[in-house]
Each structure stands twice: as structure tokens, then as C-alpha cells.
$ cat entry.txt   # compact mmCIF, C-alpha atoms and all ligand atoms
# COMPACT_ATOMS: atom_id res chain seq x y z
CA MET Z 1 0.00 0.00 0.00
CA HIS Z 2 2.69 2.52 0.93
CA GLU Z 3 4.53 1.61 -2.27
CA VAL Z 4 2.02 3.91 -3.96
CA ASP Z 5 3.23 6.80 -1.81
CA MET Z 6 6.84 5.75 -2.28
CA THR Z 7 6.28 5.82 -6.02
CA ARG Z 8 4.66 9.24 -5.83
CA CYS Z 9 7.67 10.46 -3.90
CA LEU Z 10 10.02 8.88 -6.41
CA LEU Z 11 8.14 10.63 -9.23
CA LEU Z 12 8.50 13.97 -7.46
CA SER Z 13 12.23 13.38 -7.13
CA MET Z 14 12.39 12.43 -10.82
CA ASN Z 15 10.52 15.62 -11.69
CA GLU Z 16 13.12 17.59 -9.77
CA TRP Z 17 15.80 15.85 -11.82
CA LYS Z 18 13.92 16.59 -15.06
CA GLN Z 19 13.99 20.30 -14.24
CA GLN Z 20 17.78 20.23 -14.57
CA HIS Z 21 17.33 19.51 -18.28
CA ALA Z 22 14.50 21.95 -18.90
CA PRO Z 23 13.23 22.90 -21.35
CA ARG Z 24 14.27 19.60 -22.91
CA VAL Z 25 12.50 16.50 -21.68
CA PRO Z 26 14.78 13.49 -21.29
CA ALA Z 27 13.50 10.17 -22.60
CA VAL Z 28 14.27 7.82 -19.72
CA ASP Z 29 15.17 4.20 -20.43
CA ARG Z 30 15.92 3.00 -16.91
CA VAL Z 31 15.92 4.25 -13.36
CA HIS Z 32 18.31 2.40 -11.07
CA LEU Z 33 17.45 2.25 -7.38
CA GLU Z 34 19.31 0.91 -4.41
CA VAL Z 35 16.89 -0.28 -1.78
CA GLY Z 36 18.10 -1.56 1.56
CA THR Z 37 16.41 -4.58 3.10
CA PHE Z 38 16.12 -2.67 6.38
CA THR Z 39 13.51 -0.28 4.97
CA CYS Z 40 9.76 -0.55 4.56
CA VAL Z 41 10.00 -0.92 0.79
CA GLU Z 42 9.07 -4.12 -1.03
CA PRO Z 43 11.02 -3.95 -4.32
CA ASP Z 44 8.62 -6.17 -6.26
CA GLN Z 45 5.62 -4.08 -5.28
CA LEU Z 46 7.48 -0.90 -6.10
CA VAL Z 47 8.15 -2.15 -9.63
CA VAL Z 48 4.46 -2.90 -10.10
CA THR Z 49 3.23 0.47 -8.79
CA TRP Z 50 5.90 2.25 -10.83
CA ALA Z 51 4.78 0.63 -14.08
CA ASP Z 52 1.25 1.76 -13.31
CA ALA Z 53 2.13 5.26 -12.19
CA VAL Z 54 4.29 6.25 -15.17
CA LYS Z 55 1.73 5.28 -17.83
CA GLY Z 56 0.94 8.31 -19.94
CA SER Z 57 3.55 10.45 -18.22
CA TRP Z 58 6.93 11.67 -19.48
CA LEU Z 59 8.37 8.53 -17.84
CA ASP Z 60 6.12 6.15 -19.76
CA GLY Z 61 8.10 3.04 -20.66
CA ALA Z 62 10.97 3.74 -18.30
CA GLU Z 63 12.07 0.59 -16.56
CA LEU Z 64 12.63 0.56 -12.82
CA VAL Z 65 15.64 -1.56 -11.86
CA ILE Z 66 16.05 -2.24 -8.18
CA GLU Z 67 19.22 -3.46 -6.57
CA SER Z 68 18.59 -4.83 -3.12
CA VAL Z 69 21.18 -3.88 -0.50
CA PRO Z 70 21.46 -6.34 2.39
CA LEU Z 71 21.43 -5.31 6.03
CA VAL Z 72 24.95 -5.30 7.47
CA GLY Z 73 25.76 -4.40 11.05
CA ARG Z 74 29.04 -3.73 12.77
CA CYS Z 75 29.65 -5.07 16.24
CA VAL Z 76 30.76 -2.14 18.38
CA ARG Z 77 32.65 -4.49 20.69
CA CYS Z 78 34.92 -6.24 18.20
CA GLN Z 79 34.31 -4.21 15.01
CA ALA Z 80 33.35 -7.34 13.04
CA THR Z 81 30.65 -6.85 10.40
CA TYR Z 82 27.75 -9.30 10.36
CA SER Z 83 24.33 -10.00 8.85
CA PRO Z 84 21.79 -9.22 11.56
CA ASP Z 85 19.15 -11.94 11.81
CA PRO Z 86 15.70 -10.95 13.10
CA ALA Z 87 15.22 -14.48 14.43
CA ASP Z 88 18.28 -13.91 16.60
CA GLY Z 89 17.20 -10.43 17.67
CA PHE Z 90 19.63 -8.72 15.24
CA ARG Z 91 22.46 -9.58 17.68
CA SER Z 92 26.10 -9.74 16.62
CA PRO Z 93 27.00 -13.44 16.47
CA CYS Z 94 30.49 -12.69 17.78
CA CYS Z 95 29.64 -10.88 21.04
CA GLN Z 96 25.83 -11.11 21.23
CA HIS Z 97 25.82 -7.32 21.16
CA PRO Z 98 22.62 -5.47 20.15
CA MET Z 99 22.49 -3.92 16.69
CA GLU Z 100 24.12 -0.58 17.37
CA GLU Z 101 25.81 0.34 14.12
CA ILE Z 102 24.25 -0.23 10.72
CA VAL Z 103 26.73 -0.28 7.84
CA SER Z 104 24.19 -0.78 5.06
CA GLY Z 105 20.59 -1.75 4.54
CA ARG Z 106 18.93 1.64 5.09
CA GLU Z 107 19.43 2.78 1.49
CA LEU Z 108 16.56 4.34 -0.43
CA ARG Z 109 18.60 5.79 -3.24
CA ILE Z 110 18.13 6.74 -6.86
CA ARG Z 111 21.54 5.64 -8.05
CA SER Z 112 21.37 6.61 -11.69
CA VAL Z 113 19.14 7.38 -14.62
CA ALA Z 114 19.78 6.09 -18.16
CA TYR Z 115 18.24 8.40 -20.71
CA GLY Z 116 18.66 10.30 -23.93
CA PHE Z 117 17.07 13.00 -26.03
CA ASP Z 118 14.95 11.80 -28.91
CA THR Z 119 15.22 14.87 -31.10
CA ALA Z 120 17.83 17.53 -31.68
CA PRO Z 121 17.67 20.07 -28.87
CA SER Z 122 15.43 22.99 -29.67
CA ALA Z 123 16.71 24.33 -26.40
CA SER Z 124 16.05 28.02 -25.88
CA THR Z 125 13.13 28.27 -28.29
CA ALA Z 126 11.11 25.40 -26.82
CA PRO Z 127 8.38 26.45 -24.42
CA PRO Z 128 8.82 25.13 -20.88
CA THR Z 129 5.72 23.00 -21.32
CA ALA Z 130 7.23 21.08 -24.24
CA SER Z 131 5.99 17.52 -24.15
CA HIS Z 132 7.88 14.34 -24.85
CA PRO Z 133 8.75 14.46 -28.53
CA ALA Z 134 9.06 10.70 -29.00
CA ALA Z 135 5.64 10.31 -30.65
CA ALA Z 136 6.58 12.82 -33.35
CA GLY Z 137 9.23 10.54 -34.86
CA MET E 1 16.51 6.11 -30.62
CA HIS E 2 18.90 8.34 -28.78
CA MET E 3 22.46 8.61 -27.58
CA PRO E 4 22.49 6.74 -24.29
CA LEU E 5 23.36 9.04 -21.41
CA GLU E 6 23.59 8.25 -17.74
CA ASP E 7 23.33 10.57 -14.76
CA SER E 8 24.59 9.42 -11.40
CA LEU E 9 22.21 10.86 -8.91
CA GLY E 10 22.90 9.35 -5.50
CA LEU E 11 19.67 11.11 -4.64
CA ASN E 12 17.41 9.90 -1.87
CA LEU E 13 14.32 8.22 -3.23
CA LEU E 14 12.36 10.35 -0.81
CA ALA E 15 14.31 13.51 -1.61
CA ALA E 16 11.19 15.44 -2.52
CA ASN E 17 9.69 14.65 0.88
CA GLN E 18 13.02 15.32 2.57
CA HIS E 19 13.18 18.82 1.11
CA ARG E 20 9.69 19.63 2.33
CA ALA E 21 10.49 18.20 5.74
CA GLU E 22 13.55 20.42 5.96
CA HIS E 23 11.36 23.35 5.06
CA ASN E 24 8.90 22.50 7.85
CA ARG E 25 11.83 22.14 10.19
CA GLU E 26 13.06 25.63 9.34
CA HIS E 27 9.69 26.96 10.39
CA PHE E 28 9.72 24.96 13.63
CA ASP E 29 13.16 26.29 14.47
CA ALA E 30 12.19 29.85 13.61
CA TRP E 31 9.17 29.49 15.89
CA ASN E 32 11.47 27.96 18.49
CA LEU E 33 9.17 25.04 19.18
CA LEU E 34 9.73 21.33 19.71
CA CYS E 35 7.93 19.15 17.15
CA LEU E 36 7.17 15.54 18.08
CA ASN E 37 6.12 12.87 15.59
CA VAL E 38 3.99 10.37 17.54
CA MET E 39 3.67 6.97 15.85
CA SER E 40 2.25 3.54 16.59
CA SER E 41 -0.05 0.85 15.26
CA PRO E 42 -3.77 1.70 15.44
CA GLY E 43 -5.11 1.68 18.99
CA ALA E 44 -1.75 1.56 20.80
CA GLY E 45 -2.77 4.64 22.77
CA LYS E 46 -1.51 7.77 20.97
CA THR E 47 -4.61 9.87 21.60
CA SER E 48 -4.88 8.66 25.20
CA LEU E 49 -1.23 9.57 25.75
CA LEU E 50 -1.81 13.04 24.33
CA GLU E 51 -4.93 13.52 26.46
CA ARG E 52 -3.02 12.85 29.66
CA SER E 53 0.23 14.61 28.74
CA LEU E 54 -1.56 17.70 27.43
CA ALA E 55 -3.61 17.98 30.60
CA ALA E 56 -0.53 17.52 32.79
CA LEU E 57 1.73 19.90 30.86
CA SER E 58 -0.63 22.67 29.75
CA GLY E 59 0.35 24.82 32.72
CA ARG E 60 4.02 24.61 31.80
CA TRP E 61 4.09 24.60 27.99
CA ALA E 62 2.00 26.20 25.26
CA MET E 63 1.05 23.35 22.94
CA ALA E 64 -0.97 22.42 19.87
CA VAL E 65 -1.76 19.17 18.06
CA LEU E 66 -1.75 18.28 14.39
CA GLU E 67 -4.07 15.29 14.25
CA GLY E 68 -3.39 12.86 11.41
CA ASP E 69 -5.18 9.86 12.88
CA MET E 70 -8.71 11.10 13.21
CA THR E 71 -11.09 8.25 12.92
CA THR E 72 -13.94 10.39 14.20
CA LEU E 73 -14.39 13.98 15.30
CA LEU E 74 -14.48 12.50 18.78
CA ASP E 75 -10.66 12.25 18.87
CA ALA E 76 -10.29 16.00 18.30
CA GLU E 77 -12.97 16.69 20.91
CA ARG E 78 -11.16 14.50 23.43
CA LEU E 79 -8.07 16.66 23.01
CA GLU E 80 -9.77 20.05 22.67
CA ALA E 81 -11.51 19.22 25.96
CA VAL E 82 -8.23 19.90 27.77
CA GLY E 83 -8.01 23.31 26.11
CA ILE E 84 -5.40 22.56 23.44
CA PRO E 85 -5.93 23.62 19.80
CA VAL E 86 -6.24 20.61 17.53
CA VAL E 87 -5.91 20.87 13.77
CA PRO E 88 -6.97 17.85 11.72
CA ILE E 89 -4.67 16.92 8.85
CA THR E 90 -6.33 15.66 5.71
CA THR E 91 -4.61 12.44 4.74
CA GLY E 92 -6.98 10.99 2.17
CA ARG E 93 -6.38 7.28 2.43
CA ALA E 94 -2.67 7.66 3.12
CA CYS E 95 -1.07 5.13 5.46
CA HIS E 96 1.34 7.73 6.85
CA LEU E 97 1.79 11.48 7.11
CA ASP E 98 4.25 13.10 4.76
CA ALA E 99 5.88 16.51 4.97
CA ALA E 100 3.43 18.10 2.51
CA MET E 101 0.42 17.02 4.59
CA VAL E 102 2.02 18.45 7.71
CA SER E 103 2.78 21.65 5.83
CA GLY E 104 -0.94 21.85 4.97
CA GLY E 105 -1.77 21.35 8.64
CA LEU E 106 0.62 24.15 9.58
CA LYS E 107 -1.22 26.51 7.23
CA LEU E 108 -4.49 25.80 9.04
CA LEU E 109 -2.78 26.12 12.40
CA ARG E 110 -1.48 29.57 11.49
CA GLN E 111 -5.02 30.73 10.78
CA ARG E 112 -5.84 30.01 14.43
CA LEU E 113 -2.72 31.08 16.27
CA ASP E 114 0.83 32.32 16.02
CA PRO E 115 3.03 29.21 16.19
CA ALA E 116 5.86 31.34 17.61
CA ALA E 117 3.85 31.36 20.83
CA LEU E 118 4.04 27.56 21.05
CA ASP E 119 6.58 25.48 22.97
CA ILE E 120 5.57 22.02 21.77
CA LEU E 121 3.79 20.88 18.61
CA TRP E 122 2.51 17.31 18.72
CA VAL E 123 1.81 15.45 15.50
CA GLU E 124 -0.26 12.29 15.85
CA ASN E 125 0.62 10.18 12.84
CA VAL E 126 -1.58 7.65 11.05
CA GLY E 127 -1.86 4.36 12.96
CA ASN E 128 0.71 2.19 11.22
CA LEU E 129 3.96 0.57 12.36
CA VAL E 130 5.51 0.35 8.92
CA CYS E 131 5.99 3.44 6.79
CA PRO E 132 5.47 6.51 9.02
CA ALA E 133 9.02 5.92 10.26
CA GLU E 134 10.34 6.36 6.73
CA PHE E 135 8.66 9.71 5.96
CA ALA E 136 10.24 12.68 7.70
CA ILE E 137 7.85 15.53 8.47
CA GLY E 138 10.43 17.94 9.91
CA GLU E 139 10.07 16.67 13.47
CA HIS E 140 12.79 17.06 16.10
CA ARG E 141 11.98 13.75 17.77
CA LYS E 142 10.24 10.55 16.78
CA VAL E 143 8.18 8.93 19.52
CA ALA E 144 6.97 5.35 18.96
CA LEU E 145 4.33 3.65 21.09
CA LEU E 146 3.95 -0.08 21.60
CA SER E 147 1.17 -1.38 23.79
CA VAL E 148 1.72 -4.48 25.91
CA THR E 149 -1.28 -6.08 24.20
CA GLU E 150 0.62 -6.19 20.90
CA GLY E 151 3.04 -8.87 22.08
CA ASP E 152 6.78 -8.84 22.60
CA ASP E 153 7.78 -9.72 19.03
CA LYS E 154 6.69 -6.44 17.42
CA PRO E 155 10.06 -4.63 17.75
CA LEU E 156 11.70 -7.48 15.83
CA LYS E 157 8.86 -7.66 13.27
CA TYR E 158 8.74 -3.90 12.64
CA PRO E 159 12.35 -3.03 13.45
CA VAL E 160 12.61 0.09 11.29
CA MET E 161 10.04 1.97 13.37
CA PHE E 162 11.78 1.12 16.64
CA ARG E 163 15.21 1.73 15.17
CA GLU E 164 14.21 5.25 14.09
CA ALA E 165 12.50 6.19 17.36
CA ASP E 166 14.22 8.60 19.74
CA CYS E 167 11.88 7.41 22.43
CA VAL E 168 9.73 4.28 22.76
CA LEU E 169 6.74 4.26 25.07
CA ILE E 170 5.51 0.87 26.23
CA THR E 171 1.84 1.65 26.86
CA LYS E 172 -1.11 0.11 28.74
CA VAL E 173 1.13 -1.43 31.42
CA ASP E 174 -1.92 -1.47 33.73
CA LEU E 175 -3.03 -4.50 31.70
CA LEU E 176 0.13 -6.52 32.42
CA PRO E 177 -1.37 -8.55 35.28
CA HIS E 178 -3.99 -9.88 32.87
CA LEU E 179 -1.69 -10.76 29.98
CA PRO E 180 0.73 -13.61 29.29
CA VAL E 181 3.39 -11.14 28.21
CA ASP E 182 6.77 -10.25 29.72
CA VAL E 183 7.39 -6.50 29.65
CA GLU E 184 11.12 -7.10 30.20
CA ARG E 185 11.21 -9.04 26.94
CA ILE E 186 9.39 -6.23 25.14
CA GLU E 187 11.95 -3.73 26.35
CA ALA E 188 14.87 -6.06 25.60
CA HIS E 189 13.65 -6.47 22.01
CA ILE E 190 13.36 -2.71 21.60
CA ARG E 191 16.94 -2.25 22.84
CA GLN E 192 18.08 -5.07 20.57
CA VAL E 193 17.24 -2.99 17.48
CA ASN E 194 17.95 0.39 19.07
CA PRO E 195 20.28 0.31 22.07
CA ARG E 196 20.35 4.10 22.38
CA THR E 197 16.66 4.93 22.47
CA ALA E 198 14.88 6.12 25.60
CA VAL E 199 12.23 3.67 26.83
CA PHE E 200 9.40 4.41 29.25
CA ARG E 201 6.59 2.22 30.56
CA LEU E 202 3.28 4.02 30.81
CA SER E 203 -0.36 3.64 31.61
CA ALA E 204 -2.63 6.41 30.37
CA THR E 205 -5.34 4.86 32.53
CA THR E 206 -3.52 5.05 35.88
CA GLY E 207 -0.90 7.70 35.04
CA GLU E 208 1.94 5.34 35.93
CA GLY E 209 5.27 6.30 34.36
CA PHE E 210 4.22 9.74 33.13
CA GLU E 211 6.60 11.66 35.39
CA ALA E 212 9.70 10.10 33.83
CA TRP E 213 8.27 10.56 30.33
CA HIS E 214 7.52 14.22 31.02
CA ASP E 215 11.03 14.73 32.37
CA TRP E 216 12.38 13.36 29.11
CA LEU E 217 10.07 15.73 27.20
CA ASP E 218 11.26 18.70 29.23
CA ALA E 219 14.86 17.79 28.43
CA GLN E 220 14.06 17.60 24.70
CA ARG E 221 12.25 20.93 24.88
CA GLN E 222 15.33 22.52 26.42
CA ALA E 223 17.62 20.85 23.89
CA VAL E 224 15.95 22.37 20.82
CA GLN E 225 16.08 25.95 22.08
CA THR E 226 17.75 27.58 19.13
CA SER E 227 18.33 31.10 18.05
CA PRO E 228 15.52 32.01 15.66
CA ALA E 229 16.63 31.47 12.07
CA LEU E 230 15.82 33.87 9.28
CA LEU E 231 13.11 32.64 6.97
CA HIS E 232 11.65 33.57 3.65
CA ALA E 233 8.60 35.84 3.86
N1 LIG W 1 -6.13 -0.29 29.76
C1 LIG W 1 -5.66 0.74 29.04
N2 LIG W 1 -6.27 1.08 27.89
C2 LIG W 1 -5.76 2.12 27.20
C3 LIG W 1 -4.62 2.82 27.61
N3 LIG W 1 -4.35 3.78 26.69
C4 LIG W 1 -5.29 3.67 25.74
N4 LIG W 1 -6.15 2.67 26.04
C5 LIG W 1 -7.33 2.25 25.24
O1 LIG W 1 -6.90 1.79 23.98
C6 LIG W 1 -7.84 2.17 22.96
C7 LIG W 1 -7.14 2.96 21.88
O2 LIG W 1 -6.58 4.13 22.43
P1 LIG W 1 -6.26 5.43 21.56
O3 LIG W 1 -5.62 6.39 22.49
O4 LIG W 1 -7.46 5.88 20.83
O5 LIG W 1 -5.20 4.82 20.54
P2 LIG W 1 -4.63 5.45 19.16
O6 LIG W 1 -5.37 4.81 18.05
O7 LIG W 1 -3.18 5.05 19.13
O8 LIG W 1 -4.82 6.92 19.23
C8 LIG W 1 -8.91 2.99 23.68
O9 LIG W 1 -10.01 2.16 23.93
C9 LIG W 1 -8.23 3.43 24.96
O10 LIG W 1 -9.15 3.60 26.01
C10 LIG W 1 -4.00 2.42 28.84
O11 LIG W 1 -2.98 2.99 29.31
N5 LIG W 1 -4.56 1.38 29.51
MG MG W 2 -5.65 8.31 17.88
ZN ZN W 3 31.61 -8.73 18.28
ZN ZN W 4 7.64 28.21 4.39
ZN ZN W 5 2.49 4.74 4.27

$ encode --input "entry.txt" --output "C-alpha cells" --more "lines below"
Ligand SMILES: Nc1nc2c(ncn2[C@@H]2O[C@H](COP(=O)(O)OP(=O)(O)O)[C@@H](O)[C@H]2O)c(=O)[nH]1
Ligand SMILES: [Mg+2]
Ligand SMILES: [Zn+2]
Ligand SMILES: [Zn+2]
Ligand SMILES: [Zn+2]
Amino acid sequence: MHEVDMTRCLLLSMNEWKQQHAPRVPAVDRVHLEVGTFTCVEPDQLVVTWADAVKGSWLDGAELVIESVPLVGRCVRCQATYSPDPADGFRSPCCQHPMEEIVSGRELRIRSVAYGFDTAPSASTAPPTASHPAAAG
Amino acid sequence: MHMPLEDSLGLNLLAANQHRAEHNREHFDAWNLLCLNVMSSPGAGKTSLLERSLAALSGRWAMAVLEGDMTTLLDAERLEAVGIPVVPITTGRACHLDAAMVSGGLKLLRQRLDPAALDILWVENVGNLVCPAEFAIGEHRKVALLSVTEGDDKPLKYPVMFREADCVLITKVDLLPHLPVDVERIEAHIRQVNPRTAVFRLSATTGEGFEAWHDWLDAQRQAVQTSPALLHA
């Protein structure tokens, strides 16, 4: 359910990115995300809601590629890194220490965007509302 | 077809919300108030907590509530009854509050009062243990509630919420004699995922534990005293 809101947020962030190229509208092929397993995001559901949400928008057809980043903790006693296991209370297996330091697993990151421009830039003359030119070709 | 380009962003997926949260936070700091984000599963006791804390603290602090968990108008009435302004936040069917919704609530609040006169702004989030923890609203502190009726495995099942909390309140401890649940285990599980968080055991029914919780609140209120920042008009 909250993947819908996550997607909306992702779209807002993508719109912010699009502004950097204004007035041209980039044709996006792929959006690469890094999603930690210690977040509330279900990657599979996010892909589904994304495909739905971008239909008819400037991101129509853009593929969402999600790289899952595992939860890794560091034991503050002995500095060893470990994979915290919920079934074992996220303890460090070395010292049975609680999960104090998280090295990775909290990522919710847009790593990169693969894109291009379908037509020659009409840059300064194009109105800011210029729509995706793909259909014209 | 086009020339393939690639931009490395390294941008937070929730960047758009983050920016709005930072904006809310600038306002909170300019108004020199402490903003608390109160979160829990439905029915864990957020409104009951507010009722008792607002009544106990209204002589000491000027407070207001942004209410994002209104099931009925009754909830707002319960809180207004102790003389505290309550502004409902329209969430639609959202399962959490985001920074934009809180910003909308702030607009309504400003029609009723000058927030600079407030010491503490409470935000009661939507009842949900999953995603509210992930959406910043500009708060200074996250407060998570867990009632003893929910069982001792919840901190391990919903670890992100308890990991993010600056303070965890174990609520409804008056029910402990009637339940096959070990409150020590609940607290141990909370500390397992977040060894640094403050933990208090409370009963909104009997008032047990509220003194220590209010002391913690006072300390947070003192800690956010900042020199008023300059803001846009
Ligand atoms: N026994 C007991 N019941 C409580 C306590 N706090 C709240 N409740 C009850 O739990 C239910 C839900 O409380 P409420 O404050 O509305 O929870 P919210 O949904 O998190 O705002 C209500 O029936 C309350 O009367 C408590 O400390 N002890
Ligand atoms: Mg409530
Ligand atoms: Zn160790
Ligand atoms: Zn503003
Ligand atoms: Zn949500």
C-alpha cells in the first residue's frame, strides 16, 4: 500500500531531476534504485506500482531496476561486520551485542538514470511546457 | 533512438519529501518550538497519551496538536476538551503522514494562532507501524508507542520503526497482570534494534510512568532551544 506513496515520492524526485534539463525532456530508459532490506520498501511491489504510475507520463516506458542492499551491522565491541538476523534479535553473532551500528541496509537511493534525447535540442526556443517528442518521430 | 546518457544521482528516493520536511523544520526552528512525531499501530494509545500529557503539561508549555489519525471527530474533541488547539490533517487514504500534509496542517494552524507562541507541537501520525518511520515531516523527535497487548515480538517484526524512534513508550502497562506477556522481553527487544533509544513504561489509565516521560520531554524541549533562524517571507 505505501509503495504507492513511495512511487509518488520517487516521481516527485524524478521531476526535480527533469527540471535540470529543462526545457528539454529526457526520454528515460531506466531508473536504477538501491533499496536496503532494512527499509519498509518491497522492491517487487514498487516495480508494479511504478509501471502503473508512469503510464501516460513523461516517464512512460521507463524501466525501474532495483538493486537490493542487504542489512549489514558492525559489532561495536569487536568491530566485526555481520548479517543481523531478526530471528536472533539482530544480535552480533560474535559478542551477542545489540544492533548498534548499521553499515548498510537503510538505502533508499536513486543511483542513476539512463536516458537520452529523442530529437535535436530545440533548447532556448522550446516552451517550458514542451511535451515528450518521441511520438513525433 | 537516442544517444544513451547516464546521470549518477545518488539522490534519496524520498528527496522530494526530505526537502519539504527540511522546510517544515526551518519553520519549527524559527518558531522555536519542539515538534514531536507520535507513531504507533492503530489503537496503541496515541490519543490517550496526548490527552493525559496535554492535561498535565498545559500549565508549563504552550502546545498544539496536528491530528493525522482522526477516525472520528471524537478524537479532536477528546483533546480540545483539555483546552489545546487541535488541527486535523487531511490524509486521504494515506497510510502515513508526509511533509506536505504536515505543511498543509501548519497553514491551518497559522489561521488560528501564532506558532511562535508555542513550545511544543505534537503530530499524531496515522496508525501504522511500517511506513510513518520512513517519511520525515520535519520533526525534532520521533516517539513510537507499543502497547503491551501487541506482544513482545513487534520490535523485531517492525524493526525500522523502533530503530528510528528517539523514544519508545511501552503503553497500557496497567493490563500486564492480565496478559501472558513479559514486559522485560518487550523492552529487551526494543533495545536489541535500538540500544540508544529512551524507553518508558506508561499507563494512560492510571498515570503510571508519566513523570519520567515528562522529564524526558522537558529535556528535549530545552535541547531544541535555538536562536531564531531567518526565513523567507
Ligand atoms: N487499559 C488501558 N487502555 C488504554 C490505555 N491507553 C489507551 N487505552 C485504550 O486503547 C484504545 C485505543 O486508544 P487510543 O488512544 O485511541 O489509541 P490510538 O489509536 O493510538 O490513538 C482505547 O479504547 C483506549 O481507552 C492504557 O494505558 N490502559
Ligand atoms: Mg488516535
Ligand atoms: Zn563482536
Ligand atoms: Zn515556508
Ligand atoms: Zn504509508

$ closest_residue --input "entry.txt" --among "Z:Ala53, Z:Val41, Z:Ile102, Z:Val113" --to "chain E" --atoms "all atoms listed in the file"
Z:Val113

$ residues_near_ligand --input "entry.txt" --ligand "ligand ZN 5 (chain W)" --cutoff "12 Å" --atoms "all atoms listed in the file" --output "number ranges by chain"
Z: 1-9, 40-41; E: 39, 41, 91-98, 125-136

$ residues_around --input "entry.txt" --residues "range 80-82 of chain Z" --least-positions-apart "5" --cutoff "9 Å" --atoms "all atoms listed in the file" --output "list of chain:residue names"
Z:Leu71, Z:Val72, Z:Gly73, Z:Arg74, Z:Cys75, Z:Ser92, Z:Pro93, Z:Cys94, Z:Val103

$ residues_around --input "entry.txt" --residues "Pro26 in chain Z" --least-positions-apart "5" --cutoff "9 Å" --atoms "all atoms listed in the file" --output "number ranges by chain"
Z: 18, 21, 58-59, 115-118, 132

$ residues_around --input "entry.txt" --residues "Phe38 in chain Z" --least-positions-apart "3" --cutoff "9 Å" --atoms "all atoms listed in the file" --output "PyMOL selection string"
(chain Z and resi 35+41+69-71+104-107) or (chain E and resi 159-160)

$ atom_distance --input "entry.txt" --atom1 "CA of Leu46 in chain Z" --atom2 "CA of Glu63 in chain Z"
11.5 Å

$ residues_around --input "entry.txt" --residues "Arg77 in chain Z" --least-positions-apart "6" --cutoff "12 Å" --atoms "all atoms listed in the file" --output "list of chain:residue names"
Z:Arg91, Z:Ser92, Z:Pro93, Z:Cys94, Z:Cys95, Z:Gln96, Z:His97, Z:Pro98, Z:Met99, Z:Glu100, Z:Glu101

$ closest_residue --input "entry.txt" --among "E:Ala76, E:Val82, E:Ala188, E:Leu49" --to "ligand LIG 1 (chain W)" --atoms "only C-alpha atoms and all ligand atoms"
E:Leu49

$ interface_residues --input "entry.txt" --of "chain E" --to "chain Z" --cutoff "6 Å" --atoms "all atoms listed in the file" --output "PyMOL selection string"
chain E and resi 2-16+131+156+192-193
